[in-house]
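Source file: start_39.cif (mmCIF, C-alpha atoms)
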data_final
loop_
_atom_site.label_atom_id
_atom_site.label_comp_id
_atom_site.auth_asym_id
_atom_site.auth_seq_id
_atom_site.Cartn_x
_atom_site.Cartn_y
_atom_site.Cartn_z
CA MET V 217 7.53 0.66 81.16
CA ASN V 218 3.78 0.82 81.63
CA PHE V 219 1.83 4.03 81.57
CA VAL V 220 -1.65 3.87 83.05
CA LEU V 221 -4.12 6.39 81.66
CA ARG V 222 -6.16 7.56 84.60
CA HIS V 223 -8.52 10.49 84.62
CA PRO V 224 -7.86 12.89 87.55
CA VAL V 225 -11.51 12.77 88.74
CA GLU V 226 -11.88 9.01 88.28
CA GLU V 227 -12.28 8.29 92.01
CA LEU V 228 -14.57 11.26 92.68
CA LEU V 229 -16.94 10.31 89.88
CA ALA V 230 -17.16 6.58 90.59
CA ALA V 231 -20.30 6.90 92.71
CA ALA V 232 -22.02 9.52 90.55
CA PRO V 233 -25.37 8.67 88.92
CA ALA V 234 -25.35 7.85 85.23
CA GLU V 235 -28.57 9.71 84.44
CA PRO V 236 -27.84 13.37 83.52
CA ALA V 237 -30.02 16.02 85.15
CA LEU V 238 -31.16 19.29 83.53
CA ASN V 239 -27.89 20.91 84.54
CA HIS V 240 -25.06 18.53 83.80
CA LEU V 241 -21.31 18.60 84.12
CA SER V 242 -19.84 16.19 81.63
CA VAL V 243 -16.22 15.16 81.83
CA PRO V 244 -15.05 14.26 78.34
CA ARG V 245 -12.28 11.66 78.31
CA ASN V 246 -11.38 12.11 74.69
CA ARG V 247 -10.07 15.68 74.52
CA ALA V 248 -6.68 16.64 73.18
CA SER V 249 -5.24 20.10 73.71
CA TRP V 250 -2.21 22.19 72.82
CA SER V 251 -0.74 25.47 73.95
CA VAL V 252 0.26 27.70 71.06
CA LEU V 253 2.52 30.72 71.50
CA ALA V 254 3.30 33.11 68.67
CA HIS V 255 6.86 34.34 68.26
CA LYS V 256 7.46 38.06 68.39
CA GLY V 257 6.09 39.76 65.29
CA SER V 258 4.21 36.77 63.90
CA GLU V 259 0.96 37.09 65.86
CA ALA V 260 -1.18 37.99 62.82
CA THR V 261 0.01 35.06 60.70
CA VAL V 262 -0.48 32.61 63.59
CA VAL V 263 -4.04 33.89 64.18
CA GLN V 264 -4.82 33.31 60.49
CA ALA V 265 -3.27 29.85 60.47
CA LEU V 266 -5.16 28.82 63.63
CA ALA V 267 -8.47 30.01 62.18
CA ALA V 268 -7.86 27.85 59.11
CA ILE V 269 -7.47 24.59 61.06
CA GLU V 270 -10.57 22.46 60.70
CA GLY V 271 -12.18 20.65 63.62
CA ALA V 272 -10.25 22.53 66.30
CA SER V 273 -11.52 25.02 68.84
CA VAL V 274 -9.08 27.88 69.38
CA ARG V 275 -9.31 29.59 72.75
CA PHE V 276 -7.78 32.90 73.69
CA CYS V 277 -5.49 32.79 76.75
CA GLY V 278 -3.57 36.05 76.53
CA PRO V 279 -1.63 38.10 74.04
CA GLU V 280 0.07 35.76 71.55
CA GLU V 281 -1.12 32.68 73.43
CA TRP V 282 -3.94 30.26 72.64
CA LEU V 283 -5.28 26.92 73.79
CA VAL V 284 -6.34 24.59 70.97
CA VAL V 285 -8.87 21.92 71.98
CA THR V 286 -10.12 19.07 69.83
CA ASN V 287 -11.48 15.55 70.04
CA ARG V 288 -8.85 12.84 70.17
CA ASP V 289 -10.10 11.29 66.88
CA GLY V 290 -8.90 14.24 64.81
CA ALA V 291 -5.90 14.99 67.01
CA GLY V 292 -3.27 13.69 64.59
CA ALA V 293 -4.34 15.98 61.76
CA VAL V 294 -4.61 19.00 64.07
CA ALA V 295 -1.19 18.26 65.61
CA SER V 296 0.50 18.20 62.22
CA ALA V 297 -1.36 21.35 61.13
CA LEU V 298 -0.17 23.11 64.29
CA ALA V 299 3.40 21.95 63.80
CA ALA V 300 3.36 23.43 60.29
CA ILE V 301 2.51 26.96 61.45
CA PRO V 302 5.55 29.21 60.94
CA GLY V 303 6.50 31.47 63.83
CA ALA V 304 4.67 29.51 66.53
CA SER V 305 5.73 27.26 69.38
CA VAL V 306 3.35 24.41 70.13
CA VAL V 307 3.22 22.31 73.29
CA GLU V 308 1.02 19.23 73.62
CA GLN V 309 -1.22 19.59 76.70
CA GLY V 310 -3.49 16.54 76.44
CA ASP V 311 -2.27 15.08 79.74
CA GLY V 312 -1.60 18.45 81.31
CA ARG V 313 -5.06 19.97 81.07
CA THR V 314 -8.49 18.60 81.94
CA VAL V 315 -11.61 19.74 80.13
CA PHE V 316 -15.05 19.99 81.76
CA SER V 317 -18.25 20.78 79.91
CA LEU V 318 -20.99 22.53 81.85
CA ALA V 319 -24.41 22.56 80.19
CA GLY V 320 -27.93 23.43 81.23
CA PRO V 321 -30.30 26.37 81.67
CA ASP V 322 -28.61 27.41 84.93
CA SER V 323 -25.04 27.01 83.73
CA ARG V 324 -24.43 30.76 83.56
CA ALA V 325 -25.85 31.36 87.05
CA LEU V 326 -23.74 28.49 88.39
CA LEU V 327 -20.55 29.72 86.76
CA ALA V 328 -21.21 33.26 88.00
CA LYS V 329 -20.91 31.92 91.55
CA CYS V 330 -17.29 30.99 91.08
CA THR V 331 -15.81 33.35 88.50
CA ALA V 332 -15.65 37.12 88.10
CA LEU V 333 -15.82 36.91 84.30
CA ASP V 334 -18.63 38.97 82.79
CA LEU V 335 -20.81 36.18 81.40
CA HIS V 336 -23.53 38.41 79.95
CA PRO V 337 -24.17 37.36 76.33
CA ASP V 338 -23.21 40.86 75.13
CA ALA V 339 -19.81 40.60 76.80
CA PHE V 340 -19.21 36.86 76.41
CA ALA V 341 -20.80 35.76 73.15
CA ILE V 342 -20.78 32.19 71.83
CA GLY V 343 -17.26 31.39 70.69
CA ARG V 344 -15.60 33.75 73.17
CA SER V 345 -13.08 32.44 75.69
CA ALA V 346 -10.87 33.86 78.41
CA ASN V 347 -8.46 32.87 81.13
CA ALA V 348 -9.90 33.55 84.56
CA LEU V 349 -10.08 32.38 88.13
CA VAL V 350 -12.76 29.63 88.30
CA CYS V 351 -13.51 27.90 91.61
CA HIS V 352 -10.26 29.38 93.05
CA VAL V 353 -8.29 27.79 90.22
CA GLY V 354 -6.81 29.51 87.19
CA GLY V 355 -8.48 28.11 84.09
CA ASN V 356 -9.83 28.85 80.65
CA VAL V 357 -13.56 29.41 80.19
CA ALA V 358 -15.06 29.11 76.71
CA ARG V 359 -18.68 29.62 75.73
CA VAL V 360 -19.31 26.93 73.13
CA ALA V 361 -23.12 27.16 72.87
CA ARG V 362 -25.95 29.23 74.34
CA ASP V 363 -25.97 27.41 77.66
CA THR V 364 -22.78 25.38 77.38
CA TYR V 365 -19.39 26.36 78.74
CA GLU V 366 -16.14 24.44 78.54
CA ILE V 367 -13.74 24.95 81.40
CA THR V 368 -10.13 23.84 81.04
CA VAL V 369 -7.98 23.59 84.16
CA MET V 370 -4.57 22.13 84.88
CA ARG V 371 -4.72 18.43 85.58
CA SER V 372 -3.45 18.73 89.16
CA PHE V 373 -6.26 21.20 89.96
CA ALA V 374 -8.99 19.16 88.26
CA ALA V 375 -10.11 17.28 91.39
CA SER V 376 -10.31 20.50 93.41
CA PHE V 377 -12.24 22.23 90.63
CA PHE V 378 -14.59 19.28 90.26
CA SER V 379 -15.38 19.06 93.99
CA GLU V 380 -16.07 22.77 94.23
CA ILE V 381 -18.27 23.06 91.15
CA CYS V 382 -20.31 20.04 92.29
CA LEU V 383 -20.83 21.74 95.67
CA LEU V 384 -21.85 25.02 94.00
CA GLY V 385 -24.15 23.10 91.66
CA ARG V 386 -26.19 21.47 94.42
CA GLU V 387 -28.77 24.29 94.41
CA PHE V 388 -29.28 23.68 90.67
CA GLY V 389 -29.39 19.88 90.99
CA LEU V 390 -26.17 19.54 89.00
CA SER V 391 -25.28 16.01 87.91
CA ALA V 392 -21.90 14.85 86.68
CA GLY V 393 -20.64 12.02 84.55
CA PHE V 394 -17.94 10.94 82.13
CA ALA V 395 -18.54 11.36 78.41
CA ASP V 396 -16.66 9.97 75.46
CA MET X 1134 -7.20 48.42 98.03
CA ALA X 1135 -8.33 48.88 94.46
CA SER X 1136 -10.65 45.95 93.95
CA LEU X 1137 -11.23 46.07 90.19
CA ILE X 1138 -8.39 46.24 87.69
CA SER X 1139 -8.97 46.81 83.97
CA CYS X 1140 -6.48 44.44 82.40
CA PRO X 1141 -5.64 45.71 78.89
CA HIS X 1142 -5.89 42.11 77.60
CA CYS X 1143 -8.67 40.53 79.69
CA GLY X 1144 -10.97 43.40 80.69
CA VAL X 1145 -12.22 44.23 84.17
CA ARG X 1146 -11.13 41.63 86.74
CA PRO X 1147 -11.06 41.44 90.54
CA LYS X 1148 -7.81 41.95 92.43
CA GLU X 1149 -7.84 38.28 93.54
CA GLU X 1150 -6.67 37.31 90.04
CA PHE X 1151 -3.53 39.43 90.39
CA THR X 1152 -0.28 39.31 92.35
CA ILE X 1153 1.34 42.60 93.34
CA ARG X 1154 5.05 42.46 92.58
CA GLY X 1155 5.99 45.79 94.16
CA ASP X 1156 7.09 49.29 93.27
CA ALA X 1157 7.51 49.87 89.53
CA THR X 1158 9.52 53.07 89.82
CA PRO X 1159 13.10 51.84 90.66
CA VAL X 1160 15.29 51.79 87.56
CA ARG X 1161 17.74 48.90 87.25
CA PRO X 1162 21.32 50.21 87.37
CA GLY X 1163 23.88 49.28 84.75
CA PRO X 1164 26.10 46.22 85.32
CA ASP X 1165 29.09 48.41 86.22
CA ALA X 1166 27.15 50.66 88.61
CA PRO X 1167 28.62 51.12 92.12
CA GLU X 1168 27.55 48.87 94.97
CA GLU X 1169 25.50 51.67 96.59
CA ALA X 1170 23.36 51.98 93.46
CA TRP X 1171 22.68 48.23 93.46
CA PHE X 1172 21.98 48.21 97.19
CA ALA X 1173 19.46 51.02 96.73
CA TYR X 1174 17.84 49.25 93.76
CA VAL X 1175 17.51 45.91 95.53
CA TYR X 1176 16.69 46.91 99.12
CA LEU X 1177 15.70 50.55 99.57
CA ARG X 1178 12.06 51.43 99.04
CA GLU X 1179 9.99 54.52 99.62
CA ASN X 1180 6.68 54.16 101.40
CA PRO X 1181 4.67 56.79 99.53
CA LYS X 1182 1.14 57.88 100.28
CA GLY X 1183 -1.13 58.78 97.38
CA ARG X 1184 -0.54 58.12 93.72
CA ILE X 1185 1.82 55.16 93.14
CA ARG X 1186 3.08 53.02 90.26
CA GLU X 1187 3.21 49.27 90.91
CA SER X 1188 4.03 46.11 88.97
CA TRP X 1189 1.11 43.70 88.98
CA HIS X 1190 1.08 40.20 87.54
CA HIS X 1191 -2.18 38.90 86.11
CA THR X 1192 -1.52 35.44 87.57
CA SER X 1193 -4.91 33.85 86.89
CA GLY X 1194 -5.54 35.55 83.57
CA CYS X 1195 -3.21 36.45 80.72
CA ARG X 1196 -0.09 36.02 82.94
CA ARG X 1197 1.30 39.34 81.74
CA PHE X 1198 3.08 41.91 83.89
CA LEU X 1199 1.14 45.15 84.14
CA ILE X 1200 1.98 48.62 85.43
CA VAL X 1201 -0.88 49.80 87.62
CA GLU X 1202 -1.05 53.45 88.58
CA ARG X 1203 -3.31 53.82 91.59
CA ASP X 1204 -3.95 55.83 94.70
CA ASN X 1205 -3.38 53.97 97.96
CA VAL X 1206 -5.53 56.46 99.88
CA THR X 1207 -8.62 56.86 97.68
CA HIS X 1208 -8.24 53.42 95.98
CA GLU X 1209 -8.73 55.05 92.61
CA VAL X 1210 -7.07 53.31 89.64
CA TYR X 1211 -5.70 55.79 87.11
CA SER X 1212 -4.19 53.56 84.46
CA VAL X 1213 -3.27 49.95 83.70
CA VAL X 1214 -0.82 49.20 80.90
CA ASP X 1215 1.16 46.15 79.83
CA ALA X 1216 4.70 46.40 81.25
CA ALA X 1217 6.25 45.62 77.86
CA GLN X 1218 4.29 48.43 76.22
CA ALA X 1219 5.14 50.79 79.07
CA LYS X 1220 8.83 49.99 78.58
CA GLU X 1221 8.60 50.54 74.82
CA ALA X 1222 6.85 53.86 75.36
CA ALA X 1223 9.57 54.96 77.81
CA GLU X 1224 12.37 54.16 75.37
#

Could you spell out this file's structure in structure tokens?
Amino acid sequence: MNFVLRHPVEELLAAAPAEPALNHLSVPRNRASWSVLAHKGSEATVVQALAAIEGASVRFCGPEEWLVVTNRDGAGAVASALAAIPGASVVEQGDGRTVFSLAGPDSRALLAKCTALDLHPDAFAIGRSANALVCHVGGNVARVARDTYEITVMRSFAASFFSEICLLGREFGLSAGFAD
Amino acid sequence: MASLISCPHCGVRPKEEFTIRGDATPVRPGPDAPEEAWFAYVYLRENPKGRIRESWHHTSGCRRFLIVERDNVTHEVYSVVDAAQAKEAAE
């Protein structure tokens, strides 16, 4: 059996320019992700264990649920660290979720057009993340740097999300391209 | 319609992120309850005006069931609690 690894926005991005503009949507190909759910009563220990994992970004989804995102290089170590957490159920999401990285001085203004999340730095500091409706799709928004947001959506919604955010980004001259 | 809901887990969010699952007041009868009790629980609903209790699902957020107490005349939202916590508090 042959499995072909194809990115969900492969066809939409084929004609995109390679030169990134000031505001840029990069589509990293090398992300791995997991859903982590804490069993009843073990939330505190799971939070501690997740914080101790090196090289992984832990994103809040809801009570007792997190999304762990990392680069594919360190995925093996993170996967075994996650599997060792007592009182947690872990599901690999690498092929189920698609990560987009929105960066640039207008990234907050752009994102504010398509989500109702309060993106003010006081309410959504660097390192914060939340599940919310983004471009009519349920996704996870994480603020990873001052003007950089990572948006994670389900794979089957990735093309819809991508088309809509590119349309919304036209007033800011948003460019898009794959990144490794 | 109340347009902003303060989710206890996610903060203030617009109603578009939620799905209303209906009246939160009917109490599920026991397994040996008579047929009339089950019929009433499954099919019969009041159509109240004013302050109501509803089950809301935060579909695009934390995906938790919430109990929203709101007024369907003034659109005021009185309280939003997680359904699991509301159940624990009632027991």

Selection under test: the PyMOL selection byres ((chain V) within 9 of (chain X)); residues as a ChimeraX atom specification: /V:277-279,281,332-334,346-349,353-356

For V:Gly271, the nearest of the candidates V:Gly310, V:Gly257, V:Gly290, V:Gly393, counting only C-alpha atoms: V:Gly290

Reference answer for the PyMOL selection byres ((chain V and resi 263) around 10), as a ChimeraX atom specification: /V:254,258-262,264-268,274,280-282,301

Spatial neighbours of V:Phe316, 7 Å, all atoms listed in the file, chain gap at least 3 places, as a list of chain:residue names: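 Contacts, with the query itself left out: V:Leu241, V:Ser242, V:Val243, V:Pro244, V:Glu366, V:Ile367, V:Thr368.
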
Picked residues, the PyMOL selection byres ((chain X and resi 1207) around 10), as a list in words: Met1134, Ala1135, Gly1183, Arg1184, Arg1203, Asp1204, Asn1205, Val1206, His1208, Glu1209 and Val1210 of chain X

Computed interatomic separation between atom CA of V:Phe377 and atom CA of V:His240 (Å):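 Computed distance, atom CA of V:Phe377 to atom CA of V:His240, equals 15.0 Å.
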
How would stretch 279-290 of chain V read, as a short mmCIF file (atom, residue, chain, number, x, y, z; two decimals), in the frame of the given file, once all heavy atoms are built in?
data_model
loop_
_atom_site.label_atom_id
_atom_site.label_comp_id
_atom_site.auth_asym_id
_atom_site.auth_seq_id
_atom_site.Cartn_x
_atom_site.Cartn_y
_atom_site.Cartn_z
N PRO V 279 -2.25 37.64 75.27
CA PRO V 279 -1.63 38.10 74.04
C PRO V 279 -0.66 37.06 73.49
O PRO V 279 0.20 36.59 74.22
CB PRO V 279 -0.90 39.38 74.44
CG PRO V 279 -1.28 39.66 75.82
CD PRO V 279 -1.95 38.49 76.41
N GLU V 280 -0.82 36.71 72.25
CA GLU V 280 0.07 35.76 71.55
C GLU V 280 0.05 34.37 72.16
O GLU V 280 1.00 33.61 72.03
CB GLU V 280 1.51 36.31 71.52
CG GLU V 280 1.64 37.54 70.65
CD GLU V 280 2.75 38.48 71.09
OE1 GLU V 280 3.71 37.99 71.69
OE2 GLU V 280 2.65 39.67 70.83
N GLU V 281 -1.02 34.03 72.87
CA GLU V 281 -1.12 32.68 73.43
C GLU V 281 -2.54 32.14 73.28
O GLU V 281 -3.50 32.84 73.56
CB GLU V 281 -0.72 32.68 74.91
CG GLU V 281 -0.64 31.27 75.46
CD GLU V 281 -0.44 31.22 76.97
OE1 GLU V 281 0.00 32.19 77.56
OE2 GLU V 281 -0.73 30.15 77.53
N TRP V 282 -2.64 30.88 72.84
CA TRP V 282 -3.94 30.26 72.64
C TRP V 282 -3.92 28.83 73.16
O TRP V 282 -2.86 28.21 73.29
CB TRP V 282 -4.33 30.23 71.15
CG TRP V 282 -4.38 31.58 70.54
CD1 TRP V 282 -5.46 32.39 70.45
CD2 TRP V 282 -3.30 32.28 69.93
NE1 TRP V 282 -5.11 33.56 69.84
CE2 TRP V 282 -3.80 33.53 69.51
CE3 TRP V 282 -1.96 32.00 69.72
CZ2 TRP V 282 -3.01 34.48 68.87
CZ3 TRP V 282 -1.15 32.95 69.09
CH2 TRP V 282 -1.69 34.16 68.67
N LEU V 283 -5.12 28.33 73.43
CA LEU V 283 -5.28 26.92 73.79
C LEU V 283 -6.12 26.30 72.68
O LEU V 283 -7.21 26.79 72.38
CB LEU V 283 -5.99 26.81 75.13
CG LEU V 283 -6.15 25.40 75.70
CD1 LEU V 283 -4.82 24.89 76.21
CD2 LEU V 283 -7.17 25.39 76.82
N VAL V 284 -5.61 25.26 72.05
CA VAL V 284 -6.34 24.59 70.97
C VAL V 284 -6.89 23.28 71.53
O VAL V 284 -6.15 22.47 72.06
CB VAL V 284 -5.42 24.33 69.76
CG1 VAL V 284 -6.17 23.60 68.67
CG2 VAL V 284 -4.87 25.64 69.23
N VAL V 285 -8.22 23.11 71.43
CA VAL V 285 -8.87 21.92 71.98
C VAL V 285 -9.58 21.18 70.86
O VAL V 285 -10.23 21.79 70.00
CB VAL V 285 -9.87 22.30 73.09
CG1 VAL V 285 -10.53 21.07 73.67
CG2 VAL V 285 -9.18 23.08 74.19
N THR V 286 -9.46 19.87 70.86
CA THR V 286 -10.12 19.07 69.83
C THR V 286 -10.44 17.69 70.40
O THR V 286 -10.00 17.34 71.49
CB THR V 286 -9.22 18.95 68.58
OG1 THR V 286 -9.81 18.03 67.69
CG2 THR V 286 -7.85 18.47 68.92
N ASN V 287 -11.24 16.93 69.65
CA ASN V 287 -11.48 15.55 70.04
C ASN V 287 -10.29 14.70 69.64
O ASN V 287 -9.61 14.99 68.66
CB ASN V 287 -12.75 15.02 69.36
CG ASN V 287 -13.98 15.53 70.06
OD1 ASN V 287 -13.94 15.88 71.23
ND2 ASN V 287 -15.07 15.59 69.33
N ARG V 288 -10.06 13.62 70.40
CA ARG V 288 -8.85 12.84 70.17
C ARG V 288 -8.85 12.16 68.79
O ARG V 288 -7.77 11.89 68.25
CB ARG V 288 -8.70 11.79 71.28
CG ARG V 288 -7.25 11.41 71.54
CD ARG V 288 -7.07 10.78 72.90
NE ARG V 288 -6.65 11.75 73.91
CZ ARG V 288 -6.78 11.55 75.22
NH1 ARG V 288 -7.29 10.45 75.67
NH2 ARG V 288 -6.37 12.46 76.07
N ASP V 289 -10.04 11.94 68.21
CA ASP V 289 -10.10 11.29 66.88
C ASP V 289 -9.33 12.09 65.83
O ASP V 289 -8.57 11.54 65.04
CB ASP V 289 -11.57 11.17 66.42
CG ASP V 289 -12.45 10.61 67.51
OD1 ASP V 289 -11.90 9.89 68.36
OD2 ASP V 289 -13.66 10.90 67.49
N GLY V 290 -9.54 13.40 65.84
CA GLY V 290 -8.90 14.24 64.81
C GLY V 290 -7.60 14.85 65.28
O GLY V 290 -7.09 15.77 64.64
#
